[in-house]
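A.B. asks: Dropping in input_2.cif, which is mmCIF, C-alpha atoms:
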```
data_coords
#
loop_
_atom_site.label_atom_id
_atom_site.label_comp_id
_atom_site.auth_asym_id
_atom_site.auth_seq_id
_atom_site.Cartn_x
_atom_site.Cartn_y
_atom_site.Cartn_z
CA MET A 83 21.61 10.68 6.61
CA ASN A 84 21.07 12.22 3.17
CA GLU A 85 18.67 15.06 2.37
CA HIS A 86 15.91 12.74 1.12
CA GLU A 87 16.03 10.64 4.30
CA ALA A 88 15.95 13.77 6.47
CA ARG A 89 12.87 15.06 4.65
CA LEU A 90 11.16 11.70 5.06
CA ARG A 91 11.83 11.59 8.80
CA ALA A 92 10.41 15.08 9.22
CA LEU A 93 7.37 14.09 7.13
CA THR A 94 6.75 11.02 9.31
CA ARG A 95 6.77 13.18 12.44
CA GLN A 96 4.35 15.70 10.92
CA LEU A 97 1.90 13.02 9.81
CA ALA A 98 2.06 11.09 13.08
CA GLY A 99 1.08 14.24 14.98
CA ARG A 100 -2.13 14.57 12.97
CA ALA A 101 -3.12 10.98 12.13
CA HIS A 102 -5.26 10.18 15.14
CA ASP A 103 -7.34 13.36 14.98
CA TYR A 104 -7.99 12.88 11.27
CA GLU A 105 -9.13 9.30 11.77
CA ARG A 106 -11.25 10.08 14.84
CA GLY A 107 -13.17 12.70 12.84
CA ALA A 108 -13.13 10.75 9.54
CA GLU A 109 -11.60 13.94 8.14
CA TRP A 110 -9.75 14.15 4.84
CA PRO A 111 -6.00 14.58 5.70
CA GLN A 112 -5.47 17.71 3.66
CA ALA A 113 -2.68 19.16 5.78
CA SER A 114 -0.74 15.90 5.52
CA LEU A 115 -1.15 15.83 1.74
CA ASP A 116 -0.03 19.47 1.63
CA ALA A 117 3.10 18.51 3.59
CA TYR A 118 3.82 15.76 1.05
CA ALA A 119 3.34 18.24 -1.81
CA GLU A 120 5.60 20.82 -0.14
CA ILE A 121 8.60 18.46 -0.27
CA GLY A 122 7.83 17.56 -3.89
CA GLY A 123 6.45 14.10 -3.15
CA PHE A 124 3.80 14.09 -5.86
CA GLY A 125 6.47 14.63 -8.51
CA TRP A 126 9.06 12.15 -7.31
CA GLY A 127 8.11 9.42 -9.76
CA LEU A 128 7.58 11.61 -12.82
CA PRO A 129 10.23 12.66 -15.35
CA GLU A 130 11.45 16.24 -15.58
CA THR A 131 9.50 16.59 -18.83
CA PHE A 132 6.33 16.61 -16.71
CA SER A 133 7.73 18.76 -13.85
CA GLY A 134 8.85 15.71 -11.89
CA ALA A 135 12.06 14.59 -10.18
CA ASN A 136 12.50 11.17 -11.85
CA MET A 137 13.33 9.54 -8.52
CA PRO A 138 14.45 5.86 -8.56
CA THR A 139 11.91 3.22 -7.47
CA PRO A 140 13.69 2.33 -4.16
CA ASP A 141 13.61 5.97 -3.04
CA ARG A 142 9.92 6.24 -3.95
CA LEU A 143 9.22 3.12 -1.89
CA ARG A 144 11.08 4.72 1.02
CA GLY A 145 8.60 7.56 0.66
CA TYR A 146 5.65 5.17 1.09
CA ILE A 147 7.34 3.63 4.12
CA ALA A 148 7.74 7.08 5.70
CA LEU A 149 4.13 8.02 4.93
CA ALA A 150 2.70 4.81 6.40
CA ARG A 151 4.88 5.04 9.49
CA GLY A 152 3.33 8.43 10.19
CA ASP A 153 -0.22 7.96 8.91
CA MET A 154 -1.51 4.88 7.09
CA SER A 155 -4.55 6.77 5.76
CA THR A 156 -2.41 9.34 3.98
CA ALA A 157 -0.15 6.58 2.68
CA LEU A 158 -3.10 4.58 1.34
CA PHE A 159 -4.45 7.52 -0.62
CA VAL A 160 -1.03 8.46 -2.01
CA THR A 161 -0.45 4.89 -3.24
CA GLN A 162 -3.82 4.95 -5.02
CA HIS A 163 -3.15 8.37 -6.54
CA GLU A 164 0.32 7.44 -7.71
CA GLY A 165 -0.87 4.06 -8.98
CA ALA A 166 -3.18 5.91 -11.37
CA VAL A 167 -0.44 8.41 -12.27
CA ASP A 168 1.92 5.53 -13.09
CA LEU A 169 -0.68 4.01 -15.42
CA ILE A 170 -0.97 7.31 -17.30
CA LEU A 171 2.81 7.76 -17.43
CA THR A 172 3.32 4.36 -19.06
CA CYS A 173 0.37 4.56 -21.47
CA ALA A 174 0.45 5.50 -25.16
CA ASN A 175 -2.00 8.43 -24.83
CA GLU A 176 0.30 11.43 -25.17
CA ARG A 177 -2.56 13.92 -24.82
CA LEU A 178 -3.50 12.55 -21.39
CA LYS A 179 0.11 12.76 -20.28
CA ALA A 180 0.54 16.36 -21.41
CA GLU A 181 -2.73 17.49 -19.85
CA TRP A 182 -2.54 15.80 -16.46
CA LEU A 183 0.98 14.73 -15.46
CA PRO A 184 2.41 18.24 -14.83
CA ARG A 185 -0.63 19.06 -12.69
CA PHE A 186 -0.26 15.83 -10.73
CA ALA A 187 3.47 16.46 -10.23
CA ARG A 188 2.79 19.85 -8.65
CA GLY A 189 -0.04 18.55 -6.47
CA GLN A 190 -2.53 20.76 -8.34
CA ALA A 191 -4.80 17.83 -9.22
CA LEU A 192 -5.50 14.47 -7.63
CA THR A 193 -6.55 11.14 -9.09
CA THR A 194 -7.09 7.60 -7.82
CA ILE A 195 -7.69 4.06 -9.05
CA GLY A 196 -11.02 2.34 -9.57
CA TYR A 197 -10.23 -1.07 -10.97
CA SER A 198 -10.51 -3.48 -8.02
CA GLN A 199 -13.52 -4.97 -9.83
CA LEU A 200 -11.06 -6.29 -12.43
CA THR A 201 -8.71 -7.85 -9.87
CA THR A 202 -10.05 -8.80 -6.43
CA SER A 203 -13.53 -7.30 -5.81
CA ARG A 204 -16.92 -8.62 -7.00
CA GLN A 205 -15.35 -11.55 -8.84
CA GLY A 206 -17.65 -14.16 -10.35
CA GLY A 207 -20.86 -13.51 -12.23
CA ARG A 208 -21.48 -10.45 -14.37
CA PRO A 209 -18.64 -7.87 -14.40
CA ALA A 210 -19.24 -5.14 -11.84
CA MET A 211 -18.29 -2.40 -14.33
CA ARG A 212 -19.18 -2.92 -17.97
CA ALA A 213 -18.22 -0.99 -21.10
CA GLU A 214 -20.10 -0.88 -24.39
CA ARG A 215 -18.51 0.38 -27.59
CA VAL A 216 -20.25 3.41 -29.09
CA GLU A 217 -19.21 6.03 -31.62
CA ASN A 218 -16.06 7.86 -30.44
CA GLY A 219 -15.85 6.01 -27.15
CA PHE A 220 -17.60 3.77 -24.65
CA LEU A 221 -20.62 3.73 -22.35
CA LEU A 222 -19.89 2.67 -18.77
CA GLU A 223 -22.44 0.91 -16.56
CA GLY A 224 -21.92 -0.53 -13.10
CA VAL A 225 -19.91 0.05 -9.95
CA MET A 226 -16.34 0.61 -8.80
CA PRO A 227 -16.56 -0.97 -5.31
CA TRP A 228 -13.41 0.54 -3.80
CA VAL A 229 -12.37 4.08 -4.73
CA THR A 230 -10.09 5.79 -2.21
CA GLY A 231 -10.48 9.56 -1.97
CA ALA A 232 -13.44 9.62 -4.35
CA PRO A 233 -15.12 12.77 -2.92
CA HIS A 234 -11.83 14.73 -3.12
CA VAL A 235 -10.20 13.84 -6.45
CA ASP A 236 -10.56 15.13 -10.00
CA ASN A 237 -10.77 11.79 -11.80
CA VAL A 238 -10.29 8.03 -11.50
CA ALA A 239 -8.53 5.38 -13.56
CA CYS A 240 -11.65 3.29 -14.12
CA GLY A 241 -11.50 -0.36 -15.17
CA ALA A 242 -14.33 -1.96 -17.14
CA ALA A 243 -15.01 -5.20 -19.01
CA LEU A 244 -16.50 -5.44 -22.49
CA GLU A 245 -18.90 -8.14 -23.63
CA ASP A 246 -16.15 -9.91 -25.59
CA GLY A 247 -14.07 -10.33 -22.41
CA THR A 248 -11.54 -7.60 -23.14
CA GLN A 249 -10.87 -4.89 -20.58
CA LEU A 250 -10.57 -1.11 -20.69
CA LEU A 251 -8.90 1.54 -18.54
CA THR A 252 -10.20 5.07 -18.94
CA LEU A 253 -9.58 8.32 -17.07
CA LEU A 254 -13.05 9.22 -15.83
CA PRO A 255 -13.93 12.65 -14.37
CA LEU A 256 -15.92 12.17 -11.18
CA ASP A 257 -18.20 15.08 -12.08
CA ALA A 258 -19.20 13.57 -15.45
CA PRO A 259 -22.94 13.14 -16.07
CA GLY A 260 -24.15 9.79 -14.74
CA VAL A 261 -21.26 9.34 -12.26
CA GLU A 262 -22.36 9.13 -8.63
CA THR A 263 -20.06 8.97 -5.62
CA GLN A 264 -21.82 7.11 -2.82
CA PRO A 265 -21.72 8.25 0.83
CA CYS A 266 -18.76 6.81 2.73
CA GLU A 267 -19.76 3.97 5.05
CA PRO A 268 -17.91 3.56 8.36
CA LEU A 269 -14.90 1.24 8.18
CA ALA A 270 -13.00 -0.43 11.00
CA ALA A 271 -10.11 1.94 10.19
CA LEU A 272 -8.83 4.31 7.49
CA ASN A 273 -12.02 6.38 7.48
CA SER A 274 -10.09 9.56 6.70
CA THR A 275 -9.27 8.08 3.26
CA ALA A 276 -12.87 8.71 2.13
CA THR A 277 -13.03 5.29 0.48
CA THR A 278 -16.38 4.49 -1.09
CA GLU A 279 -18.24 3.10 -4.09
CA VAL A 280 -18.64 5.01 -7.33
CA THR A 281 -21.45 4.06 -9.71
CA CYS A 282 -21.85 4.77 -13.42
CA ASN A 283 -25.21 4.99 -15.17
CA ARG A 284 -24.48 4.87 -18.91
CA VAL A 285 -21.59 7.28 -18.61
CA PHE A 286 -19.89 8.29 -21.85
CA ALA A 287 -16.12 7.77 -21.79
CA PRO A 288 -14.54 9.41 -24.85
CA ALA A 289 -11.91 7.37 -26.69
CA THR A 290 -9.55 10.33 -26.15
CA GLU A 291 -9.54 9.52 -22.40
CA THR A 292 -8.48 5.89 -22.82
CA ILE A 293 -5.45 4.87 -20.76
CA ALA A 294 -5.23 1.31 -22.12
CA GLY A 295 -7.26 -1.29 -23.99
CA PRO A 296 -9.57 -2.75 -24.79
CA VAL A 297 -7.29 -5.80 -24.46
CA GLN A 298 -7.22 -9.04 -22.54
CA ARG A 299 -6.00 -8.50 -18.95
CA VAL A 300 -5.41 -4.77 -19.23
CA LEU A 301 -3.47 -4.73 -15.93
CA SER A 302 -1.09 -7.58 -16.79
CA GLU A 303 1.91 -5.25 -17.16
CA ARG A 304 2.68 -3.68 -13.79
CA SER A 305 5.77 -1.73 -12.75
CA ALA A 306 8.00 -2.73 -9.83
CA LEU A 307 6.62 0.24 -7.91
CA ARG A 308 3.00 -0.90 -8.26
CA LEU A 309 3.93 -4.49 -7.41
CA LEU A 310 5.76 -3.50 -4.23
CA LEU A 311 3.83 -0.50 -2.89
CA VAL A 312 1.54 -2.60 -0.65
CA SER A 313 4.53 -4.24 1.02
CA ALA A 314 6.26 -0.85 1.36
CA ALA A 315 3.19 0.59 3.09
CA GLY A 316 3.03 -2.51 5.30
CA THR A 317 6.64 -1.96 6.31
CA GLY A 318 5.89 1.63 7.29
CA LEU A 319 2.86 0.64 9.33
CA ALA A 320 4.89 -2.10 11.07
CA LEU A 321 7.50 0.51 12.01
CA GLY A 322 4.72 2.78 13.30
CA ILE A 323 3.33 -0.03 15.44
CA GLY A 324 6.86 -0.69 16.67
CA ASP A 325 7.13 2.97 17.66
CA GLU A 326 3.92 2.67 19.70
CA ILE A 327 5.10 -0.53 21.42
CA SER A 328 8.53 1.01 22.11
CA ALA A 329 6.87 3.84 24.04
CA ARG A 330 5.58 1.19 26.47
CA ASP A 331 8.33 -1.43 26.30
CA PRO A 332 11.59 -0.19 24.71
CA THR A 333 13.29 -3.59 24.82
CA LEU A 334 10.45 -5.38 23.06
CA GLY A 335 10.02 -2.48 20.63
CA ALA A 336 13.69 -2.59 19.60
CA LYS A 337 13.45 -6.33 18.95
CA LEU A 338 10.36 -5.91 16.79
CA GLN A 339 11.83 -3.00 14.83
CA LEU A 340 14.86 -5.13 13.98
CA ARG A 341 12.67 -7.76 12.35
CA THR A 342 10.67 -5.11 10.48
CA ARG A 343 13.92 -3.62 9.16
CA GLY A 344 14.66 -7.03 7.68
CA LEU A 345 11.39 -6.92 5.76
CA GLU A 346 12.16 -3.36 4.67
CA ALA A 347 15.49 -4.52 3.27
CA ASP A 348 13.71 -7.25 1.30
CA VAL A 349 11.27 -4.73 -0.20
CA LEU A 350 14.10 -2.47 -1.34
CA THR A 351 16.17 -5.38 -2.66
CA LEU A 352 13.26 -6.58 -4.81
CA ALA A 353 12.86 -3.04 -6.18
CA ASP A 354 16.30 -3.43 -7.78
CA ASP A 355 15.61 -6.94 -9.11
CA PRO A 356 15.54 -6.83 -12.94
CA ILE A 357 13.52 -10.08 -13.01
CA LEU A 358 10.69 -9.45 -10.57
CA ASP A 359 8.31 -12.41 -10.61
CA GLN A 360 4.89 -12.72 -9.00
CA THR A 361 6.00 -15.54 -6.70
CA ALA A 362 8.53 -13.31 -4.97
CA ILE A 363 5.94 -10.53 -4.65
CA ASP A 364 3.35 -12.90 -3.15
CA GLU A 365 5.85 -14.46 -0.72
CA LEU A 366 6.78 -11.00 0.57
CA ARG A 367 3.09 -10.08 0.94
CA ILE A 368 2.40 -13.26 2.92
CA ARG A 369 5.31 -12.61 5.27
CA MET A 370 4.21 -9.00 5.69
CA ASN A 371 0.59 -9.95 6.46
CA ASN A 372 1.71 -12.57 8.96
CA TRP A 373 3.97 -10.05 10.70
CA LEU A 374 1.35 -7.29 10.82
CA VAL A 375 -1.29 -9.58 12.35
CA ARG A 376 1.19 -10.63 15.02
CA LEU A 377 2.20 -7.02 15.66
CA ALA A 378 -1.46 -6.08 16.11
CA GLY A 379 -1.76 -8.70 18.86
CA LEU A 380 1.49 -7.66 20.51
CA LEU A 381 0.39 -4.02 20.45
CA MET A 382 -2.87 -4.83 22.21
CA LEU A 383 -0.99 -6.86 24.82
CA ALA A 384 1.36 -3.92 25.42
CA ALA A 385 -1.46 -1.34 25.53
CA LYS A 386 -3.61 -3.47 27.86
CA GLY A 387 -7.13 -2.28 28.64
CA THR A 388 -6.65 1.29 27.44
CA GLY A 389 -5.76 -0.02 23.99
CA TYR A 390 -9.20 -1.56 23.61
CA ARG A 391 -10.94 1.80 23.71
CA GLN A 392 -12.35 2.77 20.34
CA ASP A 393 -10.49 6.11 20.36
CA ALA A 394 -7.13 4.62 21.35
CA THR A 395 -4.14 4.93 19.03
CA ALA A 396 -3.37 1.25 19.63
CA GLN A 397 -6.85 0.30 18.47
CA ARG A 398 -6.47 2.34 15.27
CA LEU A 399 -3.08 0.83 14.47
CA ALA A 400 -4.27 -2.72 15.13
CA ASN A 401 -7.24 -2.27 12.80
CA GLU A 402 -4.98 -0.79 10.14
CA ALA A 403 -2.72 -3.84 10.40
CA LEU A 404 -5.68 -6.15 9.76
CA PHE A 405 -6.53 -4.15 6.64
CA PHE A 406 -3.54 -5.75 4.92
CA CYS A 407 -5.31 -9.11 5.00
CA VAL A 408 -7.79 -7.71 2.45
CA TRP A 409 -5.87 -4.96 0.62
CA SER A 410 -5.37 -6.12 -2.97
CA ALA A 411 -4.92 -9.67 -1.69
CA SER A 412 -5.24 -12.41 -4.29
CA GLY A 413 -6.64 -15.82 -3.38
CA THR A 414 -3.09 -17.18 -3.17
CA VAL A 415 -2.03 -14.46 -0.74
CA ARG A 416 -5.12 -14.93 1.45
CA GLU A 417 -4.80 -18.72 1.58
CA SER A 418 -1.08 -18.66 2.30
CA THR A 419 -1.48 -15.95 4.94
CA GLY A 420 -4.01 -18.17 6.67
CA ALA A 421 -1.64 -21.14 6.48
CA ALA A 422 1.19 -19.06 7.93
CA LEU A 423 -0.96 -17.88 10.83
CA LEU A 424 -2.11 -21.45 11.52
CA ASN A 425 1.44 -22.79 11.46
CA GLY A 426 2.40 -24.22 14.84
CA LEU A 427 -1.13 -24.52 16.18
CA PRO A 428 -2.06 -27.93 17.66
CA ASP A 429 -4.27 -30.21 15.54
#
```
Would you encode the structure as structure tokens?
C.D. replies:
Amino acid sequence: MNEHEARLRALTRQLAGRAHDYERGAEWPQASLDAYAEIGGFGWGLPETFSGANMPTPDRLRGYIALARGDMSTALFVTQHEGAVDLILTCANERLKAEWLPRFARGQALTTIGYSQLTTSRQGGRPAMRAERVENGFLLEGVMPWVTGAPHVDNVACGAALEDGTQLLTLLPLDAPGVETQPCEPLAALNSTATTEVTCNRVFAPATETIAGPVQRVLSERSALRLLLVSAAGTGLALGIGDEISARDPTLGAKLQLRTRGLEADVLTLADDPILDQTAIDELRIRMNNWLVRLAGLLMLAAKGTGYRQDATAQRLANEALFFCVWSASGTVRESTGAALLNGLPD
């Protein structure tokens, strides 16, 4: 075991010891984020120029696996934070990079993404978040339906559509005039992520804060990390569910962990693929969703009646597994997940 793997195992244990209490109280997992910062996690994907460690993509994905195995809520927020950081790192706005990336690398500032309205949420009809060109920038009007960590971060990578059909990404401070973070509504799981809606009422976004665009399909270019992070988190959660089942039935748990390790190997293999196409990404997501839904059922069978209590760890993990059926899931992924789950059922 190398030093990185040892740190990740220790991190998983720390997070697992806190996860249930954080979720039960819908409490922001600050101590878990501090533990991630202490081992340099927030800087792993950034170059040394910005106080980072320039860690390879497979090792960063191993970090997400370790986080999700210990606490899916912490993992979800970190993926959203680092998704926004990755967008800034690969953009052409050198001022944004110089101002924010060193702070992100040291864990001194937090960000998140707010562009689901451009990809999977509120599709059809008028764009949920609209941008209007004005002198020296844009005016934003509308809603970001899914912003993880909104009450606790400094800014958000906000996606908006212009009237001509082009799209914009801008780094939006959440304390800017006209920005309102809505109260967090109870979710079936992951309440400690503080995921909620953020609305904009004619908010001025200076051109100097632009991450990308306006262009057609502003999110069309996505790194291997951003394409694979959902499957990496799913792998970690599957291992965490396997840990819970193993505590009740070691033989069954070992068998399940072996299959999950196969999926983990596929995630890491794809991370090294120089030609990473969307079909391979979607196929992995479908297999992961299918496996997580089945694991949720197996966990409830193993936990029996105690697992059906609202405050049971088994209940939390099962609900987290079902989250993957909706997390950044395209129509293709949803339809094919349904087909996979129906496979083998009698007509």
A.B. asks: Compile a residue-level contact table for segment 351-410 of chain A against segment 99-104 of chain A at a cut-off of 10 Å, reporting for every qualifying residue the shortest atom pair and its distance in Å to one decimal, with all atoms listed in the file counted, rows ordered by chain and ascending number, as a Markdown table.
C.D. replies:
```
| residue | atom | partner | partner_atom | distance |
| --- | --- | --- | --- | --- |
| A:Asp393 | CA | A:His102 | CA | 8.4 |
| A:Ala394 | CA | A:His102 | CA | 8.5 |
| A:Thr395 | CA | A:His102 | CA | 6.6 |
| A:Arg398 | CA | A:His102 | CA | 7.9 |
| A:Leu399 | CA | A:His102 | CA | 9.6 |
```
A.B. asks: Fewer than 2 positions away in the same chain doesn't count, so skip those; otherwise give me all residues within 8 Å of segment 132-147 of chain A, counting all atoms listed in the file, as JSON, numbers by chain.
C.D. replies: {"A": [90, 123, 125, 126, 127, 128, 129, 130, 149, 150, 151, 157, 161, 180, 183, 184, 187, 188, 306, 307, 310, 311, 314, 315, 316, 317, 318, 319, 350, 353, 354]}
A.B. asks: What does the structure give for the distance between atom CA of Gly189 of chain A and atom CA of Ala119 of chain A, in Å to one decimal?
C.D. replies: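 One can read the atom CA of Gly189 of chain A to atom CA of Ala119 of chain A distance as 5.8 Å.
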A.B. asks: My list of candidates is A:Trp409, A:Phe124, A:Phe220, A:Tyr118. Which is closest to Arg89 of chain A when distances are computed with all atoms listed in the file?
C.D. replies: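 The answer is A:Tyr118, which sits nearest to Arg89 of chain A.
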A.B. asks: Find the residues near segment 331-348 of chain A: any atom within 9 Å, counting all atoms listed in the file, skip ones fewer than 3 places away on the same chain, and give them as number ranges by chain.
C.D. replies: A: 144, 147, 313-314, 317-318, 320-321, 323-328, 351-353, 366, 369-370, 373, 377, 384
A.B. asks: Choose the residue, out of A:Glu176, A:Gln162, A:Thr275, A:His86, that has the smallest atom-to-atom separation from Ser114 of chain A; count all atoms listed in the file.
C.D. replies: A:Thr275
A.B. asks: Take the PyMOL selection byres ((chain A and resi 231-233) around 7), apply it to the structure above, and return the hits as a ChimeraX atom specification.
C.D. replies: /A:159,229-230,234-235,263,275-278
A.B. asks: List every residue of segment 280-370 of chain A that has an atom at most 6 Å from any atom of segment 236-252 of chain A, giving for each one its closest atom pair and the distance in Å to one decimal, counting all atoms listed in the file, sorted by chain and then by ascending residue number, as CSV.
C.D. replies:
```
residue,atom,partner,partner_atom,distance
A:Glu291,CA,A:Thr252,CA,5.7
A:Thr292,CA,A:Thr252,CA,4.3
A:Ile293,CA,A:Thr252,CA,5.1
A:Ala294,CA,A:Leu251,CA,5.1
A:Gly295,CA,A:Leu250,CA,4.7
A:Pro296,CA,A:Leu250,CA,4.5
A:Val297,CA,A:Thr248,CA,4.8
A:Gln298,CA,A:Thr248,CA,4.6
A:Val300,CA,A:Gln249,CA,5.6
```
A.B. asks: On this file, the PyMOL selection byres ((chain A and resi 169) around 10) gives some set of residues; write that set as an MDAnalysis selection string.
C.D. replies: chainID A and resid 164:168 170:174 195 239 251 293:294 301 303:305 308
A.B. asks: Apply the PyMOL selection byres ((chain A and resi 108) around 9) to the file shown and report the selected residues as JSON, numbers by chain.
C.D. replies: {"A": [103, 104, 105, 106, 107, 109, 110, 111, 268, 272, 273, 274, 275, 276]}
A.B. asks: Report, in Å to a single decimal, how far apart atom CA of Ala403 of chain A and atom CA of Glu417 of chain A are.
C.D. replies: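 If I compute the distance from atom CA of Glu417 of chain A to atom CA of Ala403 of chain A, I get 17.4 Å.
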A.B. asks: Could you tell me how far atom CA of Gln112 of chain A sits from atom CA of Asn371 of chain A, in Å to one decimal place?
C.D. replies: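 Between atom CA of Asn371 of chain A and atom CA of Gln112 of chain A the gap is 28.5 Å.
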A.B. asks: Of the candidates A:Glu181, A:Phe286, A:Thr131, A:Gly152, which one gets nearest to Thr94 of chain A if we count only C-alpha atoms?
C.D. replies: A:Gly152
A.B. asks: Which is closest to Val280 of chain A among A:Gln360, A:Asn218, A:Thr194, A:Ser410, if we use only C-alpha atoms?
C.D. replies: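 Distance minimum relative to Val280 of chain A lands on A:Thr194.
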A.B. asks: Please write out, as AutoDock Vina command-line options, where the centre of an axis-aligned box around all listed atoms of segment 266-282 of chain A lies and how long its edges are, in Å to one decimal, after adding 4 Å on each side.
C.D. replies:
```
--center_x -15.3 --center_y 4.6 --center_z -1.2 --size_x 21.0 --size_y 18.0 --size_z 32.4
```
